[in-house]
>>> print(open('run-v3.tsv').read())   # TSV, C-alpha atoms
chain	number	residue	atom	x	y	z
A	1	MET	CA	0.32	-48.27	12.00
A	2	VAL	CA	-0.80	-45.05	13.63
A	3	GLU	CA	-1.27	-42.20	11.25
A	4	PRO	CA	1.37	-39.55	12.04
A	5	LEU	CA	-1.13	-36.69	11.75
A	6	LEU	CA	-3.40	-38.38	14.28
A	7	LEU	CA	-0.54	-38.27	16.77
A	8	PHE	CA	-0.05	-34.60	15.94
A	9	ASP	CA	-3.76	-33.91	16.47
A	10	ALA	CA	-3.75	-35.72	19.81
A	11	LEU	CA	-0.72	-33.71	20.97
A	12	LEU	CA	-2.35	-30.49	19.77
A	13	GLY	CA	-5.58	-31.28	21.64
A	14	LEU	CA	-3.63	-32.11	24.81
A	15	ALA	CA	-1.59	-28.91	24.47
A	16	ILE	CA	-4.76	-26.80	24.12
A	17	ALA	CA	-6.34	-28.40	27.19
A	18	ALA	CA	-3.11	-28.01	29.17
A	19	LEU	CA	-2.80	-24.35	28.12
A	20	ALA	CA	-6.40	-23.69	29.18
A	21	VAL	CA	-5.66	-25.14	32.62
A	22	ALA	CA	-2.41	-23.15	32.83
A	23	VAL	CA	-4.17	-19.88	31.93
A	24	LEU	CA	-6.63	-20.38	34.78
A	25	THR	CA	-4.12	-21.55	37.40
A	26	VAL	CA	-1.10	-19.29	36.88
A	27	HIS	CA	-1.00	-16.35	39.32
A	28	ASP	CA	0.97	-13.71	37.40
A	29	ARG	CA	-1.33	-11.61	35.22
A	30	PHE	CA	1.28	-11.09	32.51
A	31	ALA	CA	2.02	-14.83	32.29
A	32	MET	CA	-1.73	-15.43	32.14
A	33	ILE	CA	-2.07	-13.16	29.08
A	34	VAL	CA	0.93	-14.67	27.32
A	35	LEU	CA	-0.43	-18.18	27.92
A	36	PHE	CA	-3.81	-17.05	26.61
A	37	ILE	CA	-2.16	-15.81	23.41
A	38	VAL	CA	-0.36	-19.13	22.96
A	39	PHE	CA	-3.69	-20.88	23.65
A	40	GLY	CA	-5.29	-18.81	20.85
A	41	LEU	CA	-2.50	-19.66	18.39
A	42	MET	CA	-2.85	-23.38	19.15
A	43	SER	CA	-6.64	-23.10	18.73
A	44	ALA	CA	-6.09	-21.44	15.33
A	45	LEU	CA	-3.86	-24.37	14.40
A	46	ALA	CA	-6.60	-26.76	15.54
A	47	TRP	CA	-9.12	-24.97	13.30
A	48	VAL	CA	-6.71	-25.42	10.38
A	49	ARG	CA	-6.54	-29.15	11.15
A	50	LEU	CA	-10.37	-29.22	11.18
A	51	SER	CA	-10.29	-27.72	7.63
A	52	ALA	CA	-11.88	-24.47	8.80
A	53	PRO	CA	-9.39	-21.84	7.58
A	54	ASP	CA	-11.99	-19.04	7.92
A	55	VAL	CA	-12.35	-19.69	11.64
A	56	ALA	CA	-8.58	-20.16	11.97
A	57	LEU	CA	-7.95	-16.74	10.40
A	58	ALA	CA	-10.53	-15.09	12.67
A	59	GLU	CA	-9.14	-16.84	15.74
A	60	ALA	CA	-5.57	-15.81	14.91
A	61	ALA	CA	-6.40	-12.20	13.99
A	62	ILE	CA	-9.16	-11.31	16.47
A	63	GLY	CA	-9.13	-13.99	19.16
A	64	THR	CA	-5.36	-13.97	19.57
A	65	GLY	CA	-3.75	-10.89	18.05
A	66	LEU	CA	-6.21	-8.16	18.92
A	67	THR	CA	-7.58	-9.68	22.12
A	68	GLY	CA	-3.99	-10.17	23.27
A	69	ALA	CA	-3.21	-6.52	22.53
A	70	LEU	CA	-6.37	-5.41	24.38
A	71	LEU	CA	-5.47	-7.53	27.42
A	72	LEU	CA	-1.88	-6.26	27.48
A	73	THR	CA	-2.92	-2.61	27.22
A	74	THR	CA	-5.45	-3.18	30.02
A	75	LEU	CA	-2.69	-4.70	32.16
A	76	HIS	CA	-0.53	-1.63	31.43
A	77	HIS	CA	-3.30	0.65	32.76
A	78	ILE	CA	-3.92	-1.56	35.80
A	79	ARG	CA	-0.21	-1.48	36.68
A	80	ALA	CA	-0.05	2.30	36.23
A	81	ALA	CA	-2.86	2.87	38.73
A	82	PRO	CA	-2.75	-0.02	41.18
A	83	ALA	CA	-5.90	-0.32	43.26
A	84	ALA	CA	-6.54	-2.51	46.27
A	85	PRO	CA	-8.31	-5.66	45.11
A	86	VAL	CA	-12.02	-5.33	45.75
A	87	PRO	CA	-13.54	-8.51	47.15
A	88	VAL	CA	-16.06	-9.96	44.73
A	89	PRO	CA	-19.47	-10.35	46.37
A	90	GLY	CA	-20.61	-13.93	46.79
A	91	GLY	CA	-23.76	-13.26	44.80
A	92	VAL	CA	-21.73	-12.28	41.75
A	93	VAL	CA	-19.69	-15.48	41.99
A	94	VAL	CA	-22.87	-17.57	42.26
A	95	ALA	CA	-24.48	-15.72	39.36
A	96	ASN	CA	-21.34	-16.21	37.22
A	97	LEU	CA	-21.23	-19.89	38.10
A	98	GLY	CA	-24.89	-20.24	37.21
A	99	LEU	CA	-24.46	-18.53	33.84
A	100	CYS	CA	-21.35	-20.58	33.01
A	101	ALA	CA	-23.19	-23.78	33.96
A	102	LEU	CA	-26.09	-22.69	31.75
A	103	ILE	CA	-23.79	-22.11	28.76
A	104	PHE	CA	-21.95	-25.37	29.38
A	105	GLY	CA	-25.25	-27.23	29.70
A	106	GLY	CA	-26.56	-25.67	26.50
A	107	LEU	CA	-23.42	-26.60	24.58
A	108	ALA	CA	-23.43	-30.14	25.96
A	109	PHE	CA	-27.12	-30.46	25.10
A	110	ALA	CA	-26.52	-29.26	21.52
A	111	PHE	CA	-23.50	-31.53	21.16
A	112	LEU	CA	-25.31	-34.62	22.39
A	113	LEU	CA	-28.42	-33.97	20.32
A	114	THR	CA	-26.57	-33.37	17.04
A	115	PRO	CA	-26.98	-36.46	14.87
A	116	LEU	CA	-23.57	-37.77	13.81
A	117	GLN	CA	-24.51	-38.95	10.34
A	118	ALA	CA	-26.97	-36.25	9.26
A	119	PRO	CA	-26.09	-34.26	6.14
A	120	GLY	CA	-26.48	-30.95	7.96
A	121	LEU	CA	-27.08	-27.77	6.00
A	122	ALA	CA	-24.15	-28.21	3.61
A	123	PRO	CA	-26.29	-29.56	0.69
A	124	ALA	CA	-28.77	-26.68	1.08
A	125	VAL	CA	-25.89	-24.18	0.94
A	126	ALA	CA	-24.34	-25.93	-2.07
A	127	GLN	CA	-27.67	-25.90	-3.93
A	128	ASN	CA	-28.18	-22.18	-3.45
A	129	MET	CA	-24.61	-21.02	-4.06
A	130	ALA	CA	-25.53	-19.73	-7.53
A	131	ALA	CA	-28.10	-17.34	-6.03
A	132	SER	CA	-25.75	-16.08	-3.30
A	133	GLY	CA	-23.62	-13.82	-5.49
A	134	VAL	CA	-20.32	-15.12	-4.10
A	135	GLY	CA	-18.19	-18.20	-4.71
A	136	HIS	CA	-17.18	-19.08	-1.15
A	137	PRO	CA	-19.76	-21.00	0.92
A	138	VAL	CA	-18.71	-19.44	4.25
A	139	THR	CA	-19.12	-15.90	2.87
A	140	ALA	CA	-22.44	-16.90	1.32
A	141	VAL	CA	-23.70	-18.10	4.71
A	142	LEU	CA	-22.32	-15.11	6.66
A	143	LEU	CA	-23.35	-12.32	4.32
A	144	ASN	CA	-26.40	-13.77	2.60
A	145	PHE	CA	-28.13	-16.83	4.05
A	146	ARG	CA	-27.55	-15.90	7.71
A	147	ALA	CA	-26.82	-12.20	7.28
A	148	TYR	CA	-28.95	-11.24	10.29
A	149	ASP	CA	-26.54	-13.06	12.65
A	150	THR	CA	-23.60	-11.22	11.11
A	151	LEU	CA	-25.38	-7.87	11.47
A	152	MET	CA	-25.80	-8.63	15.17
A	153	GLU	CA	-22.06	-9.35	15.47
A	154	VAL	CA	-21.33	-5.92	14.02
A	155	VAL	CA	-23.83	-4.39	16.46
A	156	VAL	CA	-22.00	-6.11	19.36
A	157	LEU	CA	-18.78	-4.31	18.37
A	158	LEU	CA	-20.64	-1.00	18.15
A	159	ALA	CA	-22.13	-1.56	21.62
A	160	ALA	CA	-18.69	-2.43	22.98
A	161	ILE	CA	-17.07	0.80	21.85
A	162	VAL	CA	-20.03	2.88	23.07
A	163	ALA	CA	-19.69	1.22	26.48
A	164	VAL	CA	-15.91	1.75	26.60
A	165	TRP	CA	-16.22	5.44	25.71
A	166	MET	CA	-18.88	5.92	28.41
A	167	VAL	CA	-17.23	3.88	31.17
A	168	GLU	CA	-13.73	5.30	30.67
A	169	ARG	CA	-14.88	8.91	30.53
A	170	GLY	CA	-12.73	10.90	32.95
A	171	THR	CA	-10.52	8.01	34.03
A	172	VAL	CA	-6.79	8.56	34.36
A	173	GLN	CA	-4.90	6.97	31.52
A	174	ALA	CA	-1.39	5.62	31.87
A	175	PRO	CA	1.10	7.24	29.50
A	176	ALA	CA	1.84	4.98	26.56
A	177	PRO	CA	5.34	3.52	26.61
A	178	VAL	CA	7.82	5.11	24.22
A	179	LEU	CA	9.00	2.43	21.85
A	180	GLY	CA	11.82	4.20	20.03
A	181	GLU	CA	13.21	4.66	16.56
A	182	ILE	CA	13.72	1.03	15.57
A	183	TYR	CA	10.08	0.32	16.31
A	184	ARG	CA	9.00	3.32	14.25
A	185	GLY	CA	11.15	2.20	11.34
A	186	PHE	CA	9.60	-1.25	11.55
A	187	SER	CA	6.07	0.16	11.63
A	188	ARG	CA	6.80	2.24	8.53
A	189	LEU	CA	7.96	-0.95	6.83
A	190	ALA	CA	5.03	-3.05	8.03
A	191	LEU	CA	2.16	-0.54	7.56
A	192	PRO	CA	1.85	-0.72	3.76
A	193	ALA	CA	2.10	-4.51	3.86
A	194	ILE	CA	-0.67	-4.71	6.50
A	195	VAL	CA	-2.93	-2.47	4.40
A	196	VAL	CA	-2.38	-4.71	1.37
A	197	ILE	CA	-2.93	-7.94	3.35
A	198	GLY	CA	-6.08	-6.60	5.07
A	199	SER	CA	-7.60	-5.41	1.80
A	200	TYR	CA	-6.65	-8.69	0.12
A	201	LEU	CA	-8.35	-10.71	2.88
A	202	LEU	CA	-11.52	-8.64	2.38
A	203	TRP	CA	-11.46	-9.02	-1.40
A	204	VAL	CA	-10.58	-12.71	-1.50
A	205	GLY	CA	-13.42	-13.48	0.95
A	206	ALA	CA	-15.84	-13.72	-1.98
A	207	GLN	CA	-14.03	-16.77	-3.40
A	208	ALA	CA	-11.80	-18.18	-0.65
A	209	PRO	CA	-11.24	-18.04	3.12
A	210	GLY	CA	-11.13	-14.43	4.29
A	211	GLY	CA	-13.70	-11.67	4.63
A	212	ALA	CA	-14.76	-8.61	6.57
A	213	PHE	CA	-13.88	-9.77	10.11
A	214	GLN	CA	-10.44	-11.12	9.22
A	215	GLY	CA	-9.62	-8.17	6.95
A	216	GLY	CA	-10.94	-5.67	9.50
A	217	ALA	CA	-8.87	-7.21	12.29
A	218	VAL	CA	-5.72	-7.06	10.18
A	219	LEU	CA	-6.46	-3.44	9.21
A	220	ALA	CA	-7.03	-2.62	12.90
A	221	ALA	CA	-3.37	-3.54	13.38
A	222	VAL	CA	-2.59	-0.42	11.31
A	223	GLY	CA	-4.31	1.62	14.02
A	224	LEU	CA	-2.40	-0.22	16.76
A	225	LEU	CA	0.96	0.38	15.08
A	226	LEU	CA	0.16	4.07	14.54
A	227	LEU	CA	-1.01	4.51	18.15
A	228	LEU	CA	1.95	2.63	19.67
A	229	GLY	CA	4.50	4.45	17.53
A	230	ARG	CA	2.75	7.78	18.24
A	231	LEU	CA	2.57	8.36	14.51
A	232	TYR	CA	-1.11	9.13	15.12
A	233	ARG	CA	-2.45	10.86	18.24
A	234	PRO	CA	-6.23	10.91	18.68
A	235	GLN	CA	-7.56	14.47	18.98
A	236	PRO	CA	-10.96	15.64	20.23
A	237	ALA	CA	-11.59	17.05	16.76
A	238	HIS	CA	-11.39	13.51	15.34
A	239	ARG	CA	-14.34	12.28	17.39
A	240	PRO	CA	-16.99	12.82	14.70
A	241	PHE	CA	-14.92	10.82	12.20
A	242	ALA	CA	-14.43	8.03	14.73
A	243	ARG	CA	-18.17	7.94	15.49
A	244	ALA	CA	-18.95	7.84	11.77
A	245	GLY	CA	-16.48	4.97	11.42
A	246	PHE	CA	-18.07	3.02	14.28
A	247	VAL	CA	-21.60	3.34	12.87
A	248	LEU	CA	-20.80	3.00	9.15
A	249	GLY	CA	-20.85	-0.82	8.98
A	250	THR	CA	-24.05	-1.28	10.98
A	251	ALA	CA	-25.81	1.54	9.12
A	252	VAL	CA	-24.92	0.32	5.62
A	253	PHE	CA	-25.63	-3.31	6.52
A	254	ALA	CA	-29.05	-2.56	8.04
A	255	GLY	CA	-29.82	0.02	5.32
A	256	VAL	CA	-29.15	-2.39	2.46
A	257	ALA	CA	-31.07	-5.16	4.23
A	258	LEU	CA	-34.15	-2.95	4.59
A	259	LEU	CA	-33.92	-1.27	1.18
A	260	VAL	CA	-33.90	-4.57	-0.75
A	261	ALA	CA	-37.18	-5.50	0.97
A	262	GLY	CA	-40.43	-4.83	-0.82
A	263	GLY	CA	-41.89	-6.13	-4.08
A	264	GLY	CA	-42.32	-9.61	-2.60
A	265	ARG	CA	-38.80	-9.73	-1.14
A	266	LEU	CA	-37.96	-9.95	2.56
A	267	PRO	CA	-35.26	-7.91	4.28
A	268	PHE	CA	-31.77	-9.39	3.56
A	269	GLU	CA	-33.13	-11.03	0.38
A	270	TYR	CA	-30.77	-9.41	-2.12
A	271	PRO	CA	-31.85	-9.45	-5.78
A	272	ALA	CA	-29.67	-12.14	-7.36
A	273	ALA	CA	-28.41	-9.86	-10.13
A	274	HIS	CA	-26.92	-7.37	-7.64
A	275	ALA	CA	-26.05	-9.77	-4.82
A	276	LYS	CA	-22.29	-9.66	-5.39
A	277	THR	CA	-22.18	-5.83	-5.53
A	278	LEU	CA	-24.33	-5.47	-2.43
A	279	ILE	CA	-22.32	-8.04	-0.47
A	280	LEU	CA	-19.05	-6.35	-1.42
A	281	LEU	CA	-20.49	-2.96	-0.42
A	282	ILE	CA	-21.61	-4.31	2.96
A	283	GLU	CA	-18.33	-6.16	3.54
A	284	GLY	CA	-16.24	-3.13	2.63
A	285	MET	CA	-18.12	-0.81	5.00
A	286	VAL	CA	-18.22	-3.43	7.77
A	287	THR	CA	-14.46	-3.92	7.37
A	288	ILE	CA	-13.86	-0.20	7.88
A	289	SER	CA	-16.10	-0.21	10.96
A	290	ILE	CA	-14.41	-3.28	12.45
A	291	ALA	CA	-10.94	-1.82	11.87
A	292	VAL	CA	-11.84	1.58	13.37
A	293	THR	CA	-13.74	0.06	16.30
A	294	LEU	CA	-11.04	-2.44	17.25
A	295	ALA	CA	-8.31	0.23	17.07
A	296	ALA	CA	-10.48	2.56	19.20
A	297	LEU	CA	-11.04	-0.24	21.72
A	298	PHE	CA	-7.28	-0.61	21.95
A	299	HIS	CA	-6.88	3.14	22.55
A	300	GLY	CA	-9.56	3.06	25.22
A	301	ARG	CA	-11.44	6.16	26.28
A	302	GLU	CA	-12.49	8.82	23.81
A	303	PRO	CA	-9.94	11.54	23.09
A	304	GLU	CA	-10.46	14.54	25.37
A	305	ALA	CA	-9.38	18.14	25.19
A	306	VAL	CA	-7.19	17.82	28.31
A	307	PRO	CA	-3.61	17.15	27.16
A	308	VAL	CA	-2.40	13.77	28.34
A	309	SER	CA	0.88	14.05	30.21
A	310	GLU	CA	3.58	12.36	28.21
A	311	LYS	CA	6.84	10.82	29.20
A	312	SER	CA	9.58	12.22	26.98
A	313	GLU	CA	12.15	9.98	25.34
B	1	MET	CA	13.03	-36.94	-5.28
B	2	LEU	CA	16.41	-35.33	-4.62
B	3	LEU	CA	14.62	-32.01	-4.15
B	4	ASP	CA	12.27	-33.62	-1.60
B	5	LEU	CA	15.20	-35.04	0.35
B	6	LEU	CA	16.99	-31.68	0.32
B	7	ALA	CA	13.81	-29.92	1.51
B	8	LEU	CA	13.32	-32.53	4.25
B	9	ALA	CA	16.91	-32.07	5.40
B	10	LEU	CA	16.57	-28.27	5.48
B	11	ILE	CA	13.29	-28.40	7.46
B	12	ALA	CA	14.77	-30.96	9.86
B	13	VAL	CA	17.85	-28.79	10.49
B	14	GLY	CA	15.54	-25.77	10.87
B	15	ALA	CA	13.47	-27.65	13.46
B	16	PHE	CA	16.70	-28.59	15.26
B	17	PHE	CA	17.61	-24.90	15.61
B	18	PHE	CA	14.11	-24.09	16.92
B	19	VAL	CA	14.51	-26.82	19.55
B	20	ALA	CA	17.98	-25.51	20.42
B	21	GLY	CA	16.59	-21.98	20.80
B	22	THR	CA	13.79	-23.26	23.03
B	23	ILE	CA	16.26	-25.16	25.25
B	24	GLY	CA	18.26	-21.93	25.52
B	25	LEU	CA	15.10	-20.05	26.47
B	26	LEU	CA	14.37	-22.57	29.22
B	27	ARG	CA	17.92	-23.06	30.54
B	28	PHE	CA	19.70	-19.70	30.35
B	29	PRO	CA	19.84	-17.61	33.53
B	30	ASP	CA	18.59	-14.13	32.61
B	31	THR	CA	16.44	-12.36	30.04
B	32	LEU	CA	19.27	-11.08	27.83
B	33	CYS	CA	20.91	-14.52	27.55
B	34	ARG	CA	17.54	-16.08	26.77
B	35	LEU	CA	16.88	-13.47	24.08
B	36	HIS	CA	20.31	-14.19	22.63
B	37	ALA	CA	19.53	-17.89	22.34
B	38	LEU	CA	16.04	-17.37	21.04
B	39	THR	CA	16.62	-14.69	18.39
B	40	LYS	CA	19.77	-16.23	16.91
B	41	ALA	CA	18.63	-19.84	16.81
B	42	ASP	CA	15.04	-19.10	15.76
B	43	GLY	CA	16.21	-16.72	13.03
B	44	LEU	CA	18.34	-19.47	11.53
B	45	GLY	CA	15.62	-22.09	12.06
B	46	LEU	CA	13.04	-19.88	10.36
B	47	GLY	CA	15.32	-19.24	7.37
B	48	LEU	CA	16.12	-22.93	6.90
B	49	THR	CA	12.46	-23.97	7.31
B	50	CYS	CA	11.30	-21.35	4.79
B	51	LEU	CA	14.01	-22.44	2.34
B	52	GLY	CA	12.93	-26.07	2.68
B	53	VAL	CA	9.23	-25.23	2.24
B	54	ALA	CA	10.04	-22.98	-0.74
B	55	LEU	CA	11.75	-25.93	-2.45
B	56	LEU	CA	8.49	-27.90	-2.13
B	57	ALA	CA	6.30	-25.01	-3.37
B	58	GLY	CA	4.45	-25.66	-6.59
B	59	THR	CA	4.19	-22.19	-8.10
B	60	ALA	CA	6.21	-18.98	-8.21
B	61	GLY	CA	3.38	-17.22	-6.31
B	62	GLU	CA	3.80	-19.59	-3.39
B	63	VAL	CA	7.55	-18.97	-3.31
B	64	VAL	CA	6.93	-15.20	-3.22
B	65	ARG	CA	4.51	-15.65	-0.32
B	66	ILE	CA	6.98	-17.80	1.61
B	67	VAL	CA	9.71	-15.18	1.05
B	68	LEU	CA	7.33	-12.48	2.33
B	69	ILE	CA	6.46	-14.58	5.40
B	70	TRP	CA	10.17	-15.12	6.08
B	71	PHE	CA	10.87	-11.39	5.71
B	72	PHE	CA	8.10	-10.20	8.01
B	73	VAL	CA	8.53	-12.86	10.69
B	74	ALA	CA	12.30	-12.27	10.70
B	75	THR	CA	12.03	-8.47	10.93
B	76	SER	CA	9.24	-8.51	13.51
B	77	SER	CA	11.05	-11.02	15.74
B	78	ALA	CA	14.22	-8.92	15.49
B	79	VAL	CA	12.24	-5.81	16.48
B	80	CYS	CA	10.54	-7.70	19.33
B	81	GLY	CA	13.93	-8.88	20.57
B	82	HIS	CA	15.18	-5.30	20.46
B	83	LEU	CA	12.14	-3.98	22.36
B	84	ILE	CA	12.43	-6.61	25.09
B	85	ALA	CA	16.18	-6.02	25.49
B	86	ARG	CA	15.59	-2.24	25.60
B	87	HIS	CA	12.95	-2.66	28.28
B	88	VAL	CA	15.25	-4.92	30.34
B	89	ARG	CA	18.13	-2.42	30.12
B	90	ARG	CA	15.94	0.50	31.12
B	91	ALA	CA	14.39	-1.44	34.02
B	92	ALA	CA	17.92	-2.38	35.19
B	93	ASN	CA	19.07	1.26	34.94
B	94	ALA	CA	16.02	2.47	36.81
B	95	GLY	CA	16.58	-0.13	39.53
B	96	GLY	CA	20.33	0.58	39.89
B	97	ARG	CA	19.95	4.27	40.59
>>> encode(input="run-v3.tsv", output="structure tokens")
Amino acid sequence: MVEPLLLFDALLGLAIAALAVAVLTVHDRFAMIVLFIVFGLMSALAWVRLSAPDVALAEAAIGTGLTGALLLTTLHHIRAAPAAPVPVPGGVVVANLGLCALIFGGLAFAFLLTPLQAPGLAPAVAQNMAASGVGHPVTAVLLNFRAYDTLMEVVVLLAAIVAVWMVERGTVQAPAPVLGEIYRGFSRLALPAIVVIGSYLLWVGAQAPGGAFQGGAVLAAVGLLLLLGRLYRPQPAHRPFARAGFVLGTAVFAGVALLVAGGGRLPFEYPAAHAKTLILLIEGMVTISIAVTLAALFHGREPEAVPVSEKSE
Amino acid sequence: MLLDLLALALIAVGAFFFVAGTIGLLRFPDTLCRLHALTKADGLGLGLTCLGVALLAGTAGEVVRIVLIWFFVATSSAVCGHLIARHVRRAANAGGR
């Protein structure tokens, strides 16, 4: 007898592959984005089936929710200022193909070389859990054992928002659509719940699936709701606060990592007695940075003194 | 045992309404009709599925979470339906002028 869940997994895998093909072949940009969002949701489901709820949460919140919102807002701006399609130079296509082939080759190489029966690093993580300061292995790896990688992920977000603010300086921005009273009522209802859920995800990350990236992405939704409902309008005077928010996570993370060094300890080697406090401090600040940065990415260019023309209701 | 059967029946009926809503989405002629099929049928399907899952829940905390999920999915899909219908009406008005 075939196990029913195996059938489900096979269908899920087929659906993901089919969605990936559909995303690349469909011609309408809007349909492409919607298919990509469905693709992300199915991938999140696949991560759940692989018993990786941390990755599933990140995929659903960042890979699907926020990336989908970023793509849709980009489409809105493209439609507002239609430009003649610029032909892509052949060299760029070749370079892209080469890079994609390189990544694919690297992944295939890593996949083929990974021994199937090896214990991996799981026993090493399990042995050192007591020294990590947290109770959840994924958080221990991300914030303690491999903290340098996580710091670089935070730096990537910082670089992204710096690039967006520089590139979009002076560009014409499409007026945001007016969404109306029912939407505003809904956002008032949803906002407190999102704040609670985002903070909970951050807090629970020490013991269970969750953490800074998932919590930050959920909290970024607060910014999206406020921006879409025009309950918050970015002003030039808010720029210093936004910049502080962008840098906060990277600064605290790198600062703590360097300050714990010395006296025979390496950077990132937290003293075991204070590990939990330090990790929570880093995660809290990184969460704020992620939330502010993702919301700012959604808004696009930095707020300027010139009043943006607005469509009235 | 009886509880399990009841939960199974509720989830099955809920799934039936989701399928019905999806068929409506695929078969109906225009956006407003499709929205009609989708929001009504999926709202009912969601409620029945949540009720069935809540019957299987082990603790009171799980039941509270399922109720919260039902509440937020139901309200957000209602608001989404409203926004799409509003957009369609405005686009039609703009085109008719």
>>> closest_atom_pairs(input="run-v3.tsv", of="chain B", to="chain A", cutoff="8 Å", atoms="all atoms listed in the file", output="CSV")
residue,atom,partner,partner_atom,distance
B:Phe72,CA,A:Ala190,CA,7.8
B:Thr75,CA,A:Phe186,CA,7.6
B:Ser76,CA,A:Phe186,CA,7.5
B:Val79,CA,A:Tyr183,CA,6.5
B:Leu83,CA,A:Leu179,CA,7.2
>>> write_last_selection(input="run-v3.tsv", atoms="C-alpha atoms", output="short mmCIF file (atom, residue, chain, number, x, y, z; two decimals), in the coordinates of the input")
data_model
loop_
_atom_site.label_atom_id
_atom_site.label_comp_id
_atom_site.auth_asym_id
_atom_site.auth_seq_id
_atom_site.Cartn_x
_atom_site.Cartn_y
_atom_site.Cartn_z
CA PHE B 72 8.10 -10.20 8.01
CA THR B 75 12.03 -8.47 10.93
CA SER B 76 9.24 -8.51 13.51
CA VAL B 79 12.24 -5.81 16.48
CA LEU B 83 12.14 -3.98 22.36
#
>>> residues_around(input="run-v3.tsv", residues="Pro267 of chain A", least_positions_apart="4", cutoff="7 Å", atoms="all atoms listed in the file", output="list in words")
Ala257, Leu258, Val260 and Ala261 of chain A
>>> residues_around(input="run-v3.tsv", residues="Arg65 of chain B", least_positions_apart="4", cutoff="12 Å", atoms="only C-alpha atoms", output="PDB file with C-alpha atoms, keeping the file's coordinate frame")
ATOM      1  CA  ILE A 197      -2.930  -7.940   3.350  1.00  0.00           C
TER       2      ILE A 197
ATOM      3  CA  CYS B  50      11.300 -21.350   4.790  1.00  0.00           C
ATOM      4  CA  LEU B  51      14.010 -22.440   2.340  1.00  0.00           C
ATOM      5  CA  VAL B  53       9.230 -25.230   2.240  1.00  0.00           C
ATOM      6  CA  ALA B  54      10.040 -22.980  -0.740  1.00  0.00           C
ATOM      7  CA  ALA B  57       6.300 -25.010  -3.370  1.00  0.00           C
ATOM      8  CA  GLY B  58       4.450 -25.660  -6.590  1.00  0.00           C
ATOM      9  CA  THR B  59       4.190 -22.190  -8.100  1.00  0.00           C
ATOM     10  CA  ALA B  60       6.210 -18.980  -8.210  1.00  0.00           C
ATOM     11  CA  GLY B  61       3.380 -17.220  -6.310  1.00  0.00           C
ATOM     12  CA  ILE B  69       6.460 -14.580   5.400  1.00  0.00           C
ATOM     13  CA  TRP B  70      10.170 -15.120   6.080  1.00  0.00           C
ATOM     14  CA  PHE B  71      10.870 -11.390   5.710  1.00  0.00           C
ATOM     15  CA  PHE B  72       8.100 -10.200   8.010  1.00  0.00           C
TER      16      PHE B  72
END
>>> residues_around(input="run-v3.tsv", residues="Ala124 of chain A", least_positions_apart="4", cutoff="12 Å", atoms="only C-alpha atoms", output="ChimeraX atom specification")
/A:119-120,128-132,137,140-141,145
>>> residues_near_point(input="run-v3.tsv", point="(13.0, -25.2, 10.7)", cutoff="6 Å", atoms="only C-alpha atoms", output="ChimeraX atom specification")
/B:11,14-15,45-46,48-49
>>> atom_distance(input="run-v3.tsv", atom1="atom CA of His299 of chain A", atom2="atom CA of Gly284 of chain A")
22.9 Å
>>> residues_around(input="run-v3.tsv", residues="Tyr148 of chain A", least_positions_apart="6", cutoff="9 Å", atoms="all atoms listed in the file", output="ChimeraX atom specification")
/A:142,254,257,268
